file final.pdb (PDB, C-alpha atoms)
ATOM      1  CA  MET A  30     -76.612 -26.796  64.060  1.00  0.00           C
ATOM      2  CA  GLY A  31     -74.696 -29.466  62.263  1.00  0.00           C
ATOM      3  CA  CYS A  32     -72.007 -31.760  63.504  1.00  0.00           C
ATOM      4  CA  VAL A  33     -69.001 -32.594  61.388  1.00  0.00           C
ATOM      5  CA  GLU A  34     -69.040 -36.120  62.814  1.00  0.00           C
ATOM      6  CA  ALA A  35     -72.225 -36.763  60.839  1.00  0.00           C
ATOM      7  CA  LEU A  36     -70.161 -36.490  57.653  1.00  0.00           C
ATOM      8  CA  SER A  37     -67.974 -39.148  56.092  1.00  0.00           C
ATOM      9  CA  TYR A  38     -64.754 -37.199  55.750  1.00  0.00           C
ATOM     10  CA  GLU A  39     -61.072 -37.635  55.017  1.00  0.00           C
ATOM     11  CA  ILE A  40     -58.552 -35.363  56.760  1.00  0.00           C
ATOM     12  CA  LEU A  41     -56.124 -33.847  54.239  1.00  0.00           C
ATOM     13  CA  ILE A  42     -54.120 -31.765  56.711  1.00  0.00           C
ATOM     14  CA  ARG A  43     -54.414 -31.337  60.462  1.00  0.00           C
ATOM     15  CA  ASN A  44     -53.311 -28.811  63.103  1.00  0.00           C
ATOM     16  CA  ALA A  45     -52.811 -26.207  60.403  1.00  0.00           C
ATOM     17  CA  SER A  46     -53.067 -22.427  60.638  1.00  0.00           C
ATOM     18  CA  PHE A  47     -55.872 -20.613  58.827  1.00  0.00           C
ATOM     19  CA  LYS A  48     -53.316 -19.316  56.308  1.00  0.00           C
ATOM     20  CA  GLU A  49     -51.837 -22.777  55.638  1.00  0.00           C
ATOM     21  CA  SER A  50     -55.341 -24.081  55.058  1.00  0.00           C
ATOM     22  CA  ARG A  51     -56.140 -21.326  52.544  1.00  0.00           C
ATOM     23  CA  ASP A  52     -52.799 -21.720  50.759  1.00  0.00           C
ATOM     24  CA  TYR A  53     -53.182 -25.513  50.534  1.00  0.00           C
ATOM     25  CA  ILE A  54     -56.550 -25.217  48.823  1.00  0.00           C
ATOM     26  CA  ARG A  55     -55.390 -22.568  46.369  1.00  0.00           C
ATOM     27  CA  LYS A  56     -52.251 -24.538  45.521  1.00  0.00           C
ATOM     28  CA  ASN A  57     -53.783 -27.995  45.193  1.00  0.00           C
ATOM     29  CA  PHE A  58     -57.233 -27.443  43.693  1.00  0.00           C
ATOM     30  CA  SER A  59     -57.954 -25.700  40.427  1.00  0.00           C
ATOM     31  CA  GLU A  60     -61.480 -24.875  41.551  1.00  0.00           C
ATOM     32  CA  SER A  61     -62.148 -22.954  44.748  1.00  0.00           C
ATOM     33  CA  ILE A  62     -64.455 -20.319  46.164  1.00  0.00           C
ATOM     34  CA  ASP A  63     -63.771 -17.689  48.807  1.00  0.00           C
ATOM     35  CA  VAL A  64     -66.362 -17.273  51.545  1.00  0.00           C
ATOM     36  CA  ASP A  65     -66.773 -15.337  54.766  1.00  0.00           C
ATOM     37  CA  PRO A  66     -66.856 -16.908  58.245  1.00  0.00           C
ATOM     38  CA  GLY A  67     -70.323 -18.187  59.067  1.00  0.00           C
ATOM     39  CA  PHE A  68     -70.813 -19.576  55.546  1.00  0.00           C
ATOM     40  CA  LYS A  69     -72.543 -22.936  55.752  1.00  0.00           C
ATOM     41  CA  VAL A  70     -70.918 -25.972  54.145  1.00  0.00           C
ATOM     42  CA  PHE A  71     -73.034 -29.083  54.551  1.00  0.00           C
ATOM     43  CA  ASP A  72     -74.465 -28.340  57.994  1.00  0.00           C
ATOM     44  CA  VAL A  73     -71.313 -26.723  59.394  1.00  0.00           C
ATOM     45  CA  TYR A  74     -70.568 -23.013  59.814  1.00  0.00           C
ATOM     46  CA  VAL A  75     -66.988 -22.387  58.737  1.00  0.00           C
ATOM     47  CA  ILE A  76     -64.657 -20.541  61.103  1.00  0.00           C
ATOM     48  CA  GLY A  77     -61.655 -18.511  60.004  1.00  0.00           C
ATOM     49  CA  VAL A  78     -60.088 -15.292  58.834  1.00  0.00           C
ATOM     50  CA  PRO A  79     -61.691 -14.078  55.598  1.00  0.00           C
ATOM     51  CA  PRO A  80     -61.373 -14.919  52.819  1.00  0.00           C
ATOM     52  CA  ILE A  81     -61.829 -18.601  53.647  1.00  0.00           C
ATOM     53  CA  ALA A  82     -61.061 -20.842  50.676  1.00  0.00           C
ATOM     54  CA  ILE A  83     -63.226 -23.882  49.932  1.00  0.00           C
ATOM     55  CA  GLY A  84     -61.920 -26.302  47.313  1.00  0.00           C
ATOM     56  CA  LEU A  85     -63.875 -28.283  44.724  1.00  0.00           C
ATOM     57  CA  ASP A  86     -62.539 -31.399  43.056  1.00  0.00           C
ATOM     58  CA  GLY A  87     -65.146 -33.278  41.033  1.00  0.00           C
ATOM     59  CA  ASP A  88     -67.759 -34.406  43.538  1.00  0.00           C
ATOM     60  CA  PHE A  89     -65.473 -33.625  46.478  1.00  0.00           C
ATOM     61  CA  VAL A  90     -65.753 -30.546  48.698  1.00  0.00           C
ATOM     62  CA  ILE A  91     -62.634 -29.535  50.654  1.00  0.00           C
ATOM     63  CA  PHE A  92     -63.223 -27.149  53.551  1.00  0.00           C
ATOM     64  CA  PRO A  93     -61.543 -26.028  56.805  1.00  0.00           C
ATOM     65  CA  TYR A  94     -62.834 -27.117  60.198  1.00  0.00           C
ATOM     66  CA  THR A  95     -61.366 -25.318  63.214  1.00  0.00           C
ATOM     67  CA  LYS A  96     -61.240 -26.520  66.812  1.00  0.00           C
ATOM     68  CA  PRO A  97     -59.969 -24.339  69.677  1.00  0.00           C
ATOM     69  CA  CYS A  98     -57.349 -26.846  70.883  1.00  0.00           C
ATOM     70  CA  HIS A  99     -56.312 -28.480  67.613  1.00  0.00           C
ATOM     71  CA  GLY A 100     -56.190 -25.707  65.028  1.00  0.00           C
ATOM     72  CA  THR A 101     -57.605 -26.129  61.564  1.00  0.00           C
ATOM     73  CA  PHE A 102     -58.263 -29.427  59.794  1.00  0.00           C
ATOM     74  CA  LEU A 103     -58.864 -29.584  56.067  1.00  0.00           C
ATOM     75  CA  LEU A 104     -61.656 -32.075  55.426  1.00  0.00           C
ATOM     76  CA  ARG A 105     -62.556 -33.712  52.125  1.00  0.00           C
ATOM     77  CA  VAL A 106     -66.129 -34.940  51.746  1.00  0.00           C
ATOM     78  CA  GLU A 107     -67.670 -36.540  48.663  1.00  0.00           C
ATOM     79  CA  ASP A 108     -71.086 -35.081  47.942  1.00  0.00           C
ATOM     80  CA  ALA A 109     -72.161 -34.247  44.397  1.00  0.00           C
ATOM     81  CA  THR A 110     -75.134 -32.168  45.562  1.00  0.00           C
ATOM     82  CA  GLU A 111     -73.077 -29.896  47.832  1.00  0.00           C
ATOM     83  CA  ALA A 112     -70.286 -29.627  45.247  1.00  0.00           C
ATOM     84  CA  GLY A 113     -72.899 -28.608  42.692  1.00  0.00           C
ATOM     85  CA  ARG A 114     -74.417 -26.014  45.024  1.00  0.00           C
ATOM     86  CA  LEU A 115     -71.015 -24.447  45.695  1.00  0.00           C
ATOM     87  CA  ARG A 116     -70.044 -24.555  42.030  1.00  0.00           C
ATOM     88  CA  ALA A 117     -73.249 -22.687  41.187  1.00  0.00           C
ATOM     89  CA  LEU A 118     -72.231 -19.933  43.623  1.00  0.00           C
ATOM     90  CA  VAL A 119     -68.969 -19.474  41.725  1.00  0.00           C
ATOM     91  CA  LYS A 120     -70.862 -18.958  38.484  1.00  0.00           C
ATOM     92  CA  LYS A 121     -73.155 -16.268  39.952  1.00  0.00           C
TER      93      LYS A 121
ATOM     94  CA  MET B   9     -94.714  17.159  81.330  1.00  0.00           C
ATOM     95  CA  GLU B  10     -92.686  14.261  82.717  1.00  0.00           C
ATOM     96  CA  PRO B  11     -89.991  12.982  80.352  1.00  0.00           C
ATOM     97  CA  GLU B  12     -90.860   9.624  78.863  1.00  0.00           C
ATOM     98  CA  THR B  13     -88.789   6.787  80.261  1.00  0.00           C
ATOM     99  CA  VAL B  14     -87.515   4.376  77.656  1.00  0.00           C
ATOM    100  CA  ALA B  15     -86.710   0.934  79.018  1.00  0.00           C
ATOM    101  CA  GLN B  16     -83.368  -0.350  77.773  1.00  0.00           C
ATOM    102  CA  SER B  17     -82.363  -3.991  77.678  1.00  0.00           C
ATOM    103  CA  PRO B  18     -79.430  -4.897  79.898  1.00  0.00           C
ATOM    104  CA  LYS B  19     -76.069  -4.816  78.153  1.00  0.00           C
ATOM    105  CA  THR B  20     -74.497  -8.165  77.356  1.00  0.00           C
ATOM    106  CA  ALA B  21     -70.964  -9.453  76.877  1.00  0.00           C
ATOM    107  CA  LEU B  22     -69.937 -12.726  75.264  1.00  0.00           C
ATOM    108  CA  LEU B  23     -66.682 -14.292  76.449  1.00  0.00           C
ATOM    109  CA  VAL B  24     -65.342 -16.658  73.800  1.00  0.00           C
ATOM    110  CA  LEU B  25     -62.921 -19.049  75.454  1.00  0.00           C
ATOM    111  CA  GLY B  26     -60.051 -20.727  73.672  1.00  0.00           C
ATOM    112  CA  CYS B  27     -58.365 -24.006  74.493  1.00  0.00           C
ATOM    113  CA  PRO B  28     -57.893 -24.019  78.283  1.00  0.00           C
ATOM    114  CA  GLN B  29     -54.298 -25.251  78.117  1.00  0.00           C
ATOM    115  CA  VAL B  30     -52.985 -21.818  79.187  1.00  0.00           C
ATOM    116  CA  PRO B  31     -53.880 -21.383  82.879  1.00  0.00           C
ATOM    117  CA  VAL B  32     -54.606 -17.638  82.899  1.00  0.00           C
ATOM    118  CA  GLN B  33     -57.712 -18.035  80.733  1.00  0.00           C
ATOM    119  CA  THR B  34     -59.984 -19.408  83.472  1.00  0.00           C
ATOM    120  CA  SER B  35     -58.802 -16.824  85.981  1.00  0.00           C
ATOM    121  CA  ILE B  36     -59.257 -13.881  83.613  1.00  0.00           C
ATOM    122  CA  ALA B  37     -62.661 -15.149  82.487  1.00  0.00           C
ATOM    123  CA  LEU B  38     -63.851 -15.157  86.109  1.00  0.00           C
ATOM    124  CA  TYR B  39     -62.344 -11.703  86.619  1.00  0.00           C
ATOM    125  CA  LEU B  40     -64.183 -10.290  83.593  1.00  0.00           C
ATOM    126  CA  VAL B  41     -67.444 -11.913  84.682  1.00  0.00           C
ATOM    127  CA  ASN B  42     -67.104 -10.139  88.031  1.00  0.00           C
ATOM    128  CA  ARG B  43     -66.327  -6.756  86.476  1.00  0.00           C
ATOM    129  CA  PHE B  44     -69.191  -7.021  83.994  1.00  0.00           C
ATOM    130  CA  LYS B  45     -71.712  -7.980  86.654  1.00  0.00           C
ATOM    131  CA  LYS B  46     -70.658  -5.026  88.799  1.00  0.00           C
ATOM    132  CA  ALA B  47     -71.102  -2.764  85.775  1.00  0.00           C
ATOM    133  CA  GLY B  48     -74.607  -4.126  85.104  1.00  0.00           C
ATOM    134  CA  ILE B  49     -73.488  -6.071  82.032  1.00  0.00           C
ATOM    135  CA  THR B  50     -74.728  -9.650  81.690  1.00  0.00           C
ATOM    136  CA  PRO B  51     -71.824 -11.976  80.836  1.00  0.00           C
ATOM    137  CA  VAL B  52     -72.273 -15.157  78.803  1.00  0.00           C
ATOM    138  CA  ILE B  53     -69.440 -17.655  78.431  1.00  0.00           C
ATOM    139  CA  ALA B  54     -68.972 -19.746  75.284  1.00  0.00           C
ATOM    140  CA  GLY B  55     -66.286 -22.382  75.066  1.00  0.00           C
ATOM    141  CA  ASN B  56     -65.565 -25.963  74.213  1.00  0.00           C
ATOM    142  CA  LYS B  57     -66.394 -28.686  76.717  1.00  0.00           C
ATOM    143  CA  ALA B  58     -63.029 -28.600  78.511  1.00  0.00           C
ATOM    144  CA  ALA B  59     -62.925 -24.812  78.881  1.00  0.00           C
ATOM    145  CA  ASN B  60     -66.530 -24.622  80.113  1.00  0.00           C
ATOM    146  CA  THR B  61     -66.140 -27.555  82.500  1.00  0.00           C
ATOM    147  CA  LEU B  62     -63.182 -25.911  84.238  1.00  0.00           C
ATOM    148  CA  LEU B  63     -65.478 -23.037  85.188  1.00  0.00           C
ATOM    149  CA  VAL B  64     -68.671 -24.978  85.902  1.00  0.00           C
ATOM    150  CA  VAL B  65     -67.011 -27.542  88.182  1.00  0.00           C
ATOM    151  CA  ALA B  66     -65.382 -24.770  90.213  1.00  0.00           C
ATOM    152  CA  ASP B  67     -68.684 -22.906  90.655  1.00  0.00           C
ATOM    153  CA  PRO B  68     -71.394 -25.589  90.973  1.00  0.00           C
ATOM    154  CA  ASP B  69     -73.971 -23.245  92.507  1.00  0.00           C
ATOM    155  CA  ARG B  70     -73.248 -20.563  89.937  1.00  0.00           C
ATOM    156  CA  HIS B  71     -72.409 -17.871  92.472  1.00  0.00           C
ATOM    157  CA  TYR B  72     -69.942 -16.315  90.041  1.00  0.00           C
ATOM    158  CA  ILE B  73     -70.452 -17.455  86.481  1.00  0.00           C
ATOM    159  CA  GLY B  74     -73.787 -16.995  84.742  1.00  0.00           C
ATOM    160  CA  GLU B  75     -74.866 -18.572  81.487  1.00  0.00           C
ATOM    161  CA  VAL B  76     -72.422 -20.965  79.866  1.00  0.00           C
ATOM    162  CA  MET B  77     -72.939 -22.249  76.342  1.00  0.00           C
ATOM    163  CA  ASP B  78     -71.235 -24.475  73.819  1.00  0.00           C
ATOM    164  CA  LEU B  79     -69.024 -22.506  71.440  1.00  0.00           C
ATOM    165  CA  ASP B  80     -70.372 -24.146  68.267  1.00  0.00           C
ATOM    166  CA  ARG B  81     -73.909 -23.369  69.436  1.00  0.00           C
ATOM    167  CA  ALA B  82     -72.983 -19.743  70.055  1.00  0.00           C
ATOM    168  CA  VAL B  83     -71.533 -19.434  66.538  1.00  0.00           C
ATOM    169  CA  ALA B  84     -74.671 -21.005  65.065  1.00  0.00           C
ATOM    170  CA  GLN B  85     -77.074 -18.782  67.015  1.00  0.00           C
ATOM    171  CA  ILE B  86     -75.214 -15.592  66.126  1.00  0.00           C
ATOM    172  CA  THR B  87     -74.866 -16.574  62.463  1.00  0.00           C
ATOM    173  CA  GLU B  88     -78.575 -17.424  62.278  1.00  0.00           C
ATOM    174  CA  LYS B  89     -79.388 -14.006  63.859  1.00  0.00           C
ATOM    175  CA  LYS B  90     -81.159 -15.695  66.740  1.00  0.00           C
ATOM    176  CA  ARG B  91     -78.941 -14.003  69.264  1.00  0.00           C
ATOM    177  CA  ASP B  92     -76.264 -11.336  69.541  1.00  0.00           C
ATOM    178  CA  PHE B  93     -74.324  -9.410  72.160  1.00  0.00           C
ATOM    179  CA  ASP B  94     -73.165  -5.839  72.780  1.00  0.00           C
ATOM    180  CA  ARG B  95     -69.558  -6.777  73.448  1.00  0.00           C
ATOM    181  CA  CYS B  96     -67.532  -9.833  72.509  1.00  0.00           C
ATOM    182  CA  PHE B  97     -64.222 -10.849  74.101  1.00  0.00           C
ATOM    183  CA  VAL B  98     -62.210 -13.548  72.385  1.00  0.00           C
ATOM    184  CA  PHE B  99     -59.372 -15.280  74.250  1.00  0.00           C
ATOM    185  CA  ILE B 100     -56.435 -15.882  71.906  1.00  0.00           C
ATOM    186  CA  HIS B 101     -53.284 -17.872  72.566  1.00  0.00           C
ATOM    187  CA  ASN B 102     -53.080 -19.763  69.272  1.00  0.00           C
ATOM    188  CA  ASP B 103     -54.019 -19.575  65.600  1.00  0.00           C
ATOM    189  CA  ALA B 104     -57.479 -21.029  66.236  1.00  0.00           C
ATOM    190  CA  GLY B 105     -58.204 -18.130  68.587  1.00  0.00           C
ATOM    191  CA  ILE B 106     -57.518 -15.671  65.761  1.00  0.00           C
ATOM    192  CA  SER B 107     -59.895 -17.636  63.529  1.00  0.00           C
ATOM    193  CA  TYR B 108     -62.674 -17.454  66.115  1.00  0.00           C
ATOM    194  CA  ALA B 109     -62.097 -13.729  66.682  1.00  0.00           C
ATOM    195  CA  ALA B 110     -62.209 -12.964  62.943  1.00  0.00           C
ATOM    196  CA  THR B 111     -65.393 -15.023  62.723  1.00  0.00           C
ATOM    197  CA  MET B 112     -67.032 -13.061  65.543  1.00  0.00           C
ATOM    198  CA  GLY B 113     -66.010  -9.845  63.801  1.00  0.00           C
ATOM    199  CA  VAL B 114     -67.950 -10.906  60.715  1.00  0.00           C
ATOM    200  CA  ILE B 115     -71.021 -12.653  62.145  1.00  0.00           C
ATOM    201  CA  SER B 116     -71.703 -10.460  65.201  1.00  0.00           C
ATOM    202  CA  LYS B 117     -72.558  -6.787  65.620  1.00  0.00           C
ATOM    203  CA  ALA B 118     -70.819  -6.772  69.020  1.00  0.00           C
ATOM    204  CA  LYS B 119     -67.904  -4.457  69.746  1.00  0.00           C
ATOM    205  CA  LEU B 120     -64.984  -6.850  69.433  1.00  0.00           C
ATOM    206  CA  TYR B 121     -62.116  -7.142  71.918  1.00  0.00           C
ATOM    207  CA  VAL B 122     -59.315  -9.676  71.674  1.00  0.00           C
ATOM    208  CA  LEU B 123     -57.340 -10.838  74.696  1.00  0.00           C
ATOM    209  CA  VAL B 124     -53.976 -12.115  73.478  1.00  0.00           C
ATOM    210  CA  TYR B 125     -51.764 -13.968  75.953  1.00  0.00           C
ATOM    211  CA  GLY B 126     -49.538 -17.011  76.307  1.00  0.00           C
ATOM    212  CA  GLU B 127     -46.050 -17.881  75.107  1.00  0.00           C
ATOM    213  CA  HIS B 128     -46.707 -16.724  71.529  1.00  0.00           C
ATOM    214  CA  GLU B 129     -48.459 -13.438  72.282  1.00  0.00           C
ATOM    215  CA  GLU B 130     -45.869 -11.337  70.415  1.00  0.00           C
ATOM    216  CA  GLU B 131     -46.190 -13.445  67.233  1.00  0.00           C
ATOM    217  CA  LEU B 132     -49.986 -13.508  67.338  1.00  0.00           C
ATOM    218  CA  VAL B 133     -50.703  -9.803  67.782  1.00  0.00           C
ATOM    219  CA  PRO B 134     -49.403  -8.699  64.318  1.00  0.00           C
ATOM    220  CA  GLN B 135     -51.574 -11.367  62.664  1.00  0.00           C
ATOM    221  CA  ILE B 136     -54.733  -9.714  63.976  1.00  0.00           C
ATOM    222  CA  THR B 137     -55.434  -7.262  61.182  1.00  0.00           C
ATOM    223  CA  PHE B 138     -59.232  -7.054  61.415  1.00  0.00           C
ATOM    224  CA  PRO B 139     -60.984  -4.257  63.371  1.00  0.00           C
ATOM    225  CA  CYS B 140     -60.976  -4.869  67.132  1.00  0.00           C
ATOM    226  CA  THR B 141     -59.545  -3.578  70.392  1.00  0.00           C
ATOM    227  CA  LYS B 142     -56.410  -5.553  71.234  1.00  0.00           C
ATOM    228  CA  ILE B 143     -55.482  -6.264  74.837  1.00  0.00           C
ATOM    229  CA  ALA B 144     -52.243  -8.224  75.034  1.00  0.00           C
ATOM    230  CA  ALA B 145     -49.763  -9.414  77.636  1.00  0.00           C
ATOM    231  CA  LYS B 146     -47.227 -12.199  77.916  1.00  0.00           C
ATOM    232  CA  ALA B 147     -49.143 -14.113  80.578  1.00  0.00           C
ATOM    233  CA  VAL B 148     -49.103 -17.891  80.958  1.00  0.00           C
ATOM    234  CA  HIS B 149     -49.406 -18.890  84.622  1.00  0.00           C
ATOM    235  CA  ASN B 150     -49.564 -15.460  86.220  1.00  0.00           C
ATOM    236  CA  PRO B 151     -52.747 -13.583  85.242  1.00  0.00           C
ATOM    237  CA  MET B 152     -51.580 -10.209  86.615  1.00  0.00           C
ATOM    238  CA  PRO B 153     -49.951  -8.837  83.402  1.00  0.00           C
ATOM    239  CA  LEU B 154     -53.146  -9.537  81.453  1.00  0.00           C
ATOM    240  CA  LYS B 155     -55.359  -8.222  84.265  1.00  0.00           C
ATOM    241  CA  LYS B 156     -53.325  -5.009  84.287  1.00  0.00           C
ATOM    242  CA  ALA B 157     -53.677  -4.637  80.508  1.00  0.00           C
ATOM    243  CA  ILE B 158     -57.439  -5.187  80.789  1.00  0.00           C
ATOM    244  CA  ASP B 159     -57.762  -2.659  83.617  1.00  0.00           C
ATOM    245  CA  GLU B 160     -56.038  -0.026  81.482  1.00  0.00           C
ATOM    246  CA  VAL B 161     -58.717  -0.464  78.787  1.00  0.00           C
ATOM    247  CA  ALA B 162     -61.604  -0.926  81.292  1.00  0.00           C
ATOM    248  CA  PRO B 163     -63.931  -2.463  78.697  1.00  0.00           C
ATOM    249  CA  TRP B 164     -66.806  -2.635  81.206  1.00  0.00           C
ATOM    250  CA  ALA B 165     -66.874   1.177  81.225  1.00  0.00           C
ATOM    251  CA  ALA B 166     -66.802   1.656  77.439  1.00  0.00           C
TER     252      ALA B 166
END
call {"tool": "encode", "arguments": {"input": "final.pdb", "output": "structure tokens"}}
result
Amino acid sequence: MGCVEALSYEILIRNASFKESRDYIRKNFSESIDVDPGFKVFDVYVIGVPPIAIGLDGDFVIFPYTKPCHGTFLLRVEDATEAGRLRALVKK
Amino acid sequence: MEPETVAQSPKTALLVLGCPQVPVQTSIALYLVNRFKKAGITPVIAGNKAANTLLVVADPDRHYIGEVMDLDRAVAQITEKKRDFDRCFVFIHNDAGISYAATMGVISKAKLYVLVYGEHEEELVPQITFPCTKIAAKAVHNPMPLKKAIDEVAPWAA
């Protein structure tokens, strides 16, 4: 199981609802994919109400991270390999 | 000829705790653990560190609670098909609780129940549109309204 703390991330929004997180990605990123809960991004299983939107912006991956006491955070992580893997899923 | 006896594994129930900031959660979790044990169902609790510690510190010899696991670990094990449960109860008093419940509904084969409580119970219930059994009550400090709602459903007997 992965830990988000192992990633070098930037927090785009914090204490959001799952819907705000999805809407933010769809509004602010031209590229995104919809996934189900349990989908693995980096080494993290995403939590949320499906469909969960994951944004792509160049080499950046933008994904929701939910904590029971603090709601949903939208994290932005630069990783060309992971962005490429996710982009390939869109094309399938 | 004697009928063949088929051994069945004991039934299991996962209790997914939310943030422990609403007092009734710990009380209702202990209540459910008791009812499940009496019904022959093995309860397992999954929560974050604060929610789990509230239970573990109060029951150091584990007379009441059984297995307690980290919530992220539970999500990982279920997603990786290493483990699953017959029933899953998700405590919901905020948006994150809905996210965890929807996740359990997708990754687990368990029959899903949601326990909705707290100040915002009436706003949260309509947002739960995925398949599950909803048990809801406006309970913050007093667990009795939620206990009563649970008793009406009697999920240990289902």
call {"tool": "residues_around", "arguments": {"input": "final.pdb", "residues": "region 67-74 of chain A", "least_positions_apart": "5", "cutoff": "10 Å", "atoms": "all atoms listed in the file", "output": "count of residues only"}}
result
31
call {"tool": "resolve_selection", "arguments": {"input": "final.pdb", "expression": "the PyMOL selection byres ((chain A and resi 99) around 10)", "output": "list in words"}}
result
Arg43, Asn44, Ala45, Ser46, Tyr94, Thr95, Lys96, Pro97, Cys98, Gly100, Thr101 and Phe102 of chain A; Cys27, Asn102, Asp103 and Ala104 of chain B
call {"tool": "atom_distance", "arguments": {"input": "final.pdb", "atom1": "CA of Pro31 (chain B)", "atom2": "CA of Ala109 (chain B)"}}
result
19.7 Å
call {"tool": "resolve_selection", "arguments": {"input": "final.pdb", "expression": "the PyMOL selection byres ((chain A and resi 76) around 6)", "output": "PyMOL selection string"}}
result
(chain A and resi 66+75+77) or (chain B and resi 111)
call {"tool": "closest_residue", "arguments": {"input": "final.pdb", "among": "A:Pro80, A:Ser37, A:Phe89, A:Asp65", "to": "Arg51 (chain A)", "atoms": "only C-alpha atoms"}}
result
A:Pro80
call {"tool": "atom_distance", "arguments": {"input": "final.pdb", "atom1": "CA of Tyr38 (chain A)", "atom2": "CA of Leu85 (chain A)"}}
result
14.2 Å
call {"tool": "resolve_selection", "arguments": {"input": "final.pdb", "expression": "the PyMOL selection byres ((chain B and resi 58-72) around 7)", "output": "list in words"}}
result
Leu25, Cys27, Pro28, Thr34, Gly55, Asn56, Lys57, Ile73, Gly74 and Val76 of chain B
call {"tool": "closest_residue", "arguments": {"input": "final.pdb", "among": "B:Asn150, B:Ser107, B:Gly26, B:Phe93", "to": "Lys48 (chain A)", "atoms": "all atoms listed in the file"}}
result
B:Ser107
call {"tool": "closest_residue", "arguments": {"input": "final.pdb", "among": "B:Lys119, B:Arg91, B:Arg43, B:His101", "to": "chain A", "atoms": "only C-alpha atoms"}}
result
B:His101
call {"tool": "atom_distance", "arguments": {"input": "final.pdb", "atom1": "CA of Leu103 (chain A)", "atom2": "CA of Leu79 (chain B)"}}
result
19.7 Å
call {"tool": "axis_aligned_box", "arguments": {"input": "final.pdb", "around": "region 97-116 of chain B", "padding_each_side": "4 Å", "output": "AutoDock Vina command-line options"}}
result
--center_x -62.4 --center_y -15.4 --center_z 67.5 --size_x 26.6 --size_y 19.2 --size_z 21.5
call {"tool": "residues_around", "arguments": {"input": "final.pdb", "residues": "region 120-132 of chain B", "least_positions_apart": "3", "cutoff": "6 Å", "atoms": "only C-alpha atoms", "output": "list of chain:residue names"}}
result
B:Cys96, B:Phe97, B:Val98, B:Phe99, B:Ile100, B:His101, B:Gln135, B:Cys140, B:Thr141, B:Lys142, B:Ile143, B:Ala144, B:Ala145, B:Lys146, B:Ala147, B:Val148
call {"tool": "write_last_selection", "arguments": {"input": "final.pdb", "atoms": "C-alpha atoms", "output": "PDB file, in the frame of the given file"}}
result
ATOM      1  CA  CYS B  96     -67.532  -9.833  72.509  1.00  0.00           C
ATOM      2  CA  PHE B  97     -64.222 -10.849  74.101  1.00  0.00           C
ATOM      3  CA  VAL B  98     -62.210 -13.548  72.385  1.00  0.00           C
ATOM      4  CA  PHE B  99     -59.372 -15.280  74.250  1.00  0.00           C
ATOM      5  CA  ILE B 100     -56.435 -15.882  71.906  1.00  0.00           C
ATOM      6  CA  HIS B 101     -53.284 -17.872  72.566  1.00  0.00           C
ATOM      7  CA  GLN B 135     -51.574 -11.367  62.664  1.00  0.00           C
ATOM      8  CA  CYS B 140     -60.976  -4.869  67.132  1.00  0.00           C
ATOM      9  CA  THR B 141     -59.545  -3.578  70.392  1.00  0.00           C
ATOM     10  CA  LYS B 142     -56.410  -5.553  71.234  1.00  0.00           C
ATOM     11  CA  ILE B 143     -55.482  -6.264  74.837  1.00  0.00           C
ATOM     12  CA  ALA B 144     -52.243  -8.224  75.034  1.00  0.00           C
ATOM     13  CA  ALA B 145     -49.763  -9.414  77.636  1.00  0.00           C
ATOM     14  CA  LYS B 146     -47.227 -12.199  77.916  1.00  0.00           C
ATOM     15  CA  ALA B 147     -49.143 -14.113  80.578  1.00  0.00           C
ATOM     16  CA  VAL B 148     -49.103 -17.891  80.958  1.00  0.00           C
TER      17      VAL B 148
END
call {"tool": "closest_residue", "arguments": {"input": "final.pdb", "among": "A:Ile54, A:Ile40, A:Val64, A:Leu118", "to": "chain B", "atoms": "all atoms listed in the file"}}
result
A:Val64
call {"tool": "closest_residue", "arguments": {"input": "final.pdb", "among": "B:Arg95, B:Lys117, B:His149, B:Arg81", "to": "chain A", "atoms": "only C-alpha atoms"}}
result
B:Arg81
call {"tool": "decode", "arguments": {"input": "final.pdb", "residues": "region 55-69 of chain A", "atoms": "C-alpha atoms", "output": "PDB file, in the first residue's frame"}}
result
ATOM      1  CA  ARG A  55     -13.399  19.165 -15.310  1.00  0.00           C
ATOM      2  CA  LYS A  56     -13.451  22.966 -15.293  1.00  0.00           C
ATOM      3  CA  ASN A  57      -9.720  23.616 -15.045  1.00  0.00           C
ATOM      4  CA  PHE A  58      -8.067  20.847 -17.061  1.00  0.00           C
ATOM      5  CA  SER A  59      -8.725  20.086 -20.695  1.00  0.00           C
ATOM      6  CA  GLU A  60      -7.548  16.509 -20.243  1.00  0.00           C
ATOM      7  CA  SER A  61      -9.105  14.215 -17.661  1.00  0.00           C
ATOM      8  CA  ILE A  62     -10.130  10.613 -17.168  1.00  0.00           C
ATOM      9  CA  ASP A  63     -12.966   9.177 -15.105  1.00  0.00           C
ATOM     10  CA  VAL A  64     -12.159   6.211 -12.881  1.00  0.00           C
ATOM     11  CA  ASP A  65     -13.877   4.115 -10.246  1.00  0.00           C
ATOM     12  CA  PRO A  66     -12.933   4.080  -6.547  1.00  0.00           C
ATOM     13  CA  GLY A  67     -10.030   1.734  -5.916  1.00  0.00           C
ATOM     14  CA  PHE A  68      -8.220   2.875  -9.078  1.00  0.00           C
ATOM     15  CA  LYS A  69      -4.517   3.189  -8.361  1.00  0.00           C
TER      16      LYS A  69
END
